[in-house]
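S.K.: Please find one structure pasted underneath; my questions will follow.
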Amino acid sequence: MAKRFSTLETTRLAFEHAGALFPLIQRMDHAGVRYIPEHELVREVRRYTRDRDARVRQRLELAFSADNLFQCGLVVDADKVAGERRLVLHEALIGLLRTCNESLYQELTDARLRGRLVGLWNARQRLAGSSFSDVDPDYTELLDDLFDQLSHLVGLVRQNIRRMQAISRDLADISGDASRAPEEFQRFRGDLLGRIADLYERHIKPTLAFLNRDVQLEEGENLFATLDGIQQLLERHDKLAAADQVFRSGLSLNAAYKPIQQVAREVDHFLRKTRTGMLQYNAMEHHYQRLLEAHRRTRTQDLRRTRLDGGAFARDNRFVLGLKRRGRPRPYAFGSTTSYYRMLFSELELRLADLRRAHEAPVLPEVAARRQGPRRDLERSRRLYAWIDSLELRPTGDLVAELHGRLEGVVDGYVLPDLLACVQRLEREPRPGLELRVLNRFRTLTATDGDTWVYRRRQLLETSPDDRERAQHAAD
């Protein structure tokens, strides 16, 4: 049959309409074969040209026919098995199509990498016994084969780097698909974990081991030791240009280690997070079903069962026992009342006033100086009381915490025991219009040096005129 299109024209159409061939290569990879059935080629071309102009459709059907592809050399072999015609595409065409579509990259497996390494071992062994003469065709063919292997290896590694670097986007898309299908979430997530685990164990880890300079192999030297040996052989025979090319190939392969290592970290983090999430999901689902069964028993006509029987559930699960006694973190939220903001601005005004008077703050003697006699103790107390008497106090729910915040960082030499003296001072000499009230509620206070004090909370309340008048009569 006469060739209907030239090789150049067929190749141009193949890349101009590569969407017709991408699904075929993808199915070929999934099936693990090196051929495409002719009926799938015809079906895919018809699907691709279904919405196109009749002239374009006829042209593509002729260009992508099995006979035209075979006569152009883009199909290197055609075989008929069990009534099915199988077409083997040219490896160069498949490689270029993979370059145009990242999803068609074949991840490097341990078997493929070891096959490449064995090829380099054989090349090194044959190179050691060659003549190293440029006029010797055996030597030149061997050198061409060596550089061809290195270029293919570097190209494969770089293709897989680009494919692996896009894996974060793939993981996000897969997780999004799982969240949008809640009815099949568990099955989808299990399949996802299996696919990612297979990718990590079968492709990423072998590639990292292959590109690791420190790895030790039982069969022979690793990749970089083999390349170093080839480079030294060429340098000893003054083949500096060839040795430099081998050296540069080694640099390219060495630079590929860090990007793949980063991808390995991302995938490992995703796997650990997914495993943890699945364990948590399974645990919640298990206990939810138990509680649901207990709730069903309360839906019967037996009026004696109106509440959940949670005794067995609590005994079987240790985390339930003592759950009410476990302290919860208290959420901090801003209030919305007028009194709340009045108290907040009042506190800010007091703190700003203390900062403006920071240069007047006393310097208390060191705590160790108390051993030098009562005179130093008296001087320390006098300075501290003078500063406390000069402070403006307003109603507060926790006087101890407020005084600690206003003394720490302002009064030089202040220590936590000084707080006790200040509180006692205010108890003995209350401020006019304010009442100090001690509550039977305990709080803790931690100083900067790590000491923790437990104290009773003290409120400072504003007294009414009637209360002040009664207090005056009582004093008289």
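Following the order of the structure tokens, first chain is A, next is B, and so on, with residues numbered from 1 inside each chain and ligands from 1 in the order they appear.
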Which residues are close to segment 388-403 of chain A, i.e. within 10 Å by only C-alpha atoms, leaving aside same-chain residues fewer than 6 positions away? Reply as an NGL selection string.

M.R.: :A and (343 or 346-347 or 350-351 or 353-354 or 357 or 382 or 419-420 or 422-423 or 425-426 or 429 or 431 or 433-439 or 443-445 or 455-463)

S.K.: I'd like the neighbourhood of His17 of chain A as a list in words, where a residue qualifies if any of its atoms comes within 12 Å (using only C-alpha atoms), though same-chain residues fewer than 2 positions away should be ignored.

M.R.: Thr10, Thr11, Arg12, Leu13, Ala14, Phe15, Gly19, Ala20, Leu21, Phe22, Glu44, Val45, Tyr48, Thr49, Arg52, Val56, Arg57, Arg59, Leu60, Glu61, Ala63, Phe64, Leu97 and Cys100 of chain A

S.K.: Once you have the residues from the selection above, write them out as an mmCIF file, in the first residue's frame, restricted to C-alpha atoms.

M.R.:
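Saved the output as out06.cif:
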data_model
loop_
_atom_site.group_PDB
_atom_site.id
_atom_site.type_symbol
_atom_site.label_atom_id
_atom_site.label_comp_id
_atom_site.auth_asym_id
_atom_site.auth_seq_id
_atom_site.Cartn_x
_atom_site.Cartn_y
_atom_site.Cartn_z
ATOM 1 C CA THR A 10 2.833 12.338 10.019
ATOM 2 C CA THR A 11 5.155 13.300 12.870
ATOM 3 C CA ARG A 12 3.974 16.907 12.694
ATOM 4 C CA LEU A 13 0.350 15.788 12.897
ATOM 5 C CA ALA A 14 1.182 13.416 15.750
ATOM 6 C CA PHE A 15 2.508 16.295 17.895
ATOM 7 C CA GLY A 19 -4.163 14.386 22.606
ATOM 8 C CA ALA A 20 -5.177 11.414 20.480
ATOM 9 C CA LEU A 21 -2.054 9.459 21.473
ATOM 10 C CA PHE A 22 -1.682 10.410 25.170
ATOM 11 C CA GLU A 44 -9.296 6.880 20.252
ATOM 12 C CA VAL A 45 -8.773 8.703 16.941
ATOM 13 C CA TYR A 48 -10.651 12.731 19.331
ATOM 14 C CA THR A 49 -11.995 13.807 15.918
ATOM 15 C CA ARG A 52 -13.957 18.360 14.370
ATOM 16 C CA VAL A 56 -9.758 17.441 9.433
ATOM 17 C CA ARG A 57 -11.337 14.227 10.657
ATOM 18 C CA ARG A 59 -7.008 13.733 7.339
ATOM 19 C CA LEU A 60 -6.276 12.552 10.908
ATOM 20 C CA GLU A 61 -7.863 9.146 10.325
ATOM 21 C CA ALA A 63 -2.488 9.888 9.142
ATOM 22 C CA PHE A 64 -3.090 7.749 12.248
ATOM 23 C CA LEU A 97 5.330 12.269 23.857
ATOM 24 C CA CYS A 100 5.291 16.739 26.304
#

S.K.: Tell me which protein, DNA and RNA residues are within 12 Å of segment 226-234 of chain A, counting only C-alpha atoms, leaving out same-chain ones fewer than 2 positions away, and put them as a PyMOL selection string.

M.R.: chain A and resi 116-133+139+143+146-147+149-150+210-211+213+217+220-224+236-251+253-254

S.K.: How far is it from atom CA of Arg158 of chain A to atom CA of Ala256 of chain A, in Å with one decimal?

M.R.: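 Atom-to-atom, atom CA of Arg158 of chain A to atom CA of Ala256 of chain A, that is 7.3 Å.
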
S.K.: Tell me, as a ChimeraX atom specification, which residues lie within 10 Å of Asp418 of chain A, counting only C-alpha atoms; anything in the same chain fewer than 4 positions away does not count.

M.R.: /A:367,380-381,384,404,407,413-414,422-423

S.K.: Please report, as an NGL selection string, each residue of segment 277-453 of chain A to which DSSP assigns alpha helix (DSSP H) when run on this structure's backbone.

M.R.: :A and (277-297 or 311-316 or 338-356 or 374-390 or 399-407 or 417-428)

S.K.: Neighbours of segment 285-301 of chain A within 10 Å (only C-alpha atoms; same-chain residues fewer than 5 positions away dropped), as a list in words?

M.R.: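 Near neighbours after the sequence-gap exclusion: Leu279, Gln280, Thr306, Arg307, Leu308, Asp309, Gly310, Phe313 and Asn317 of chain A.
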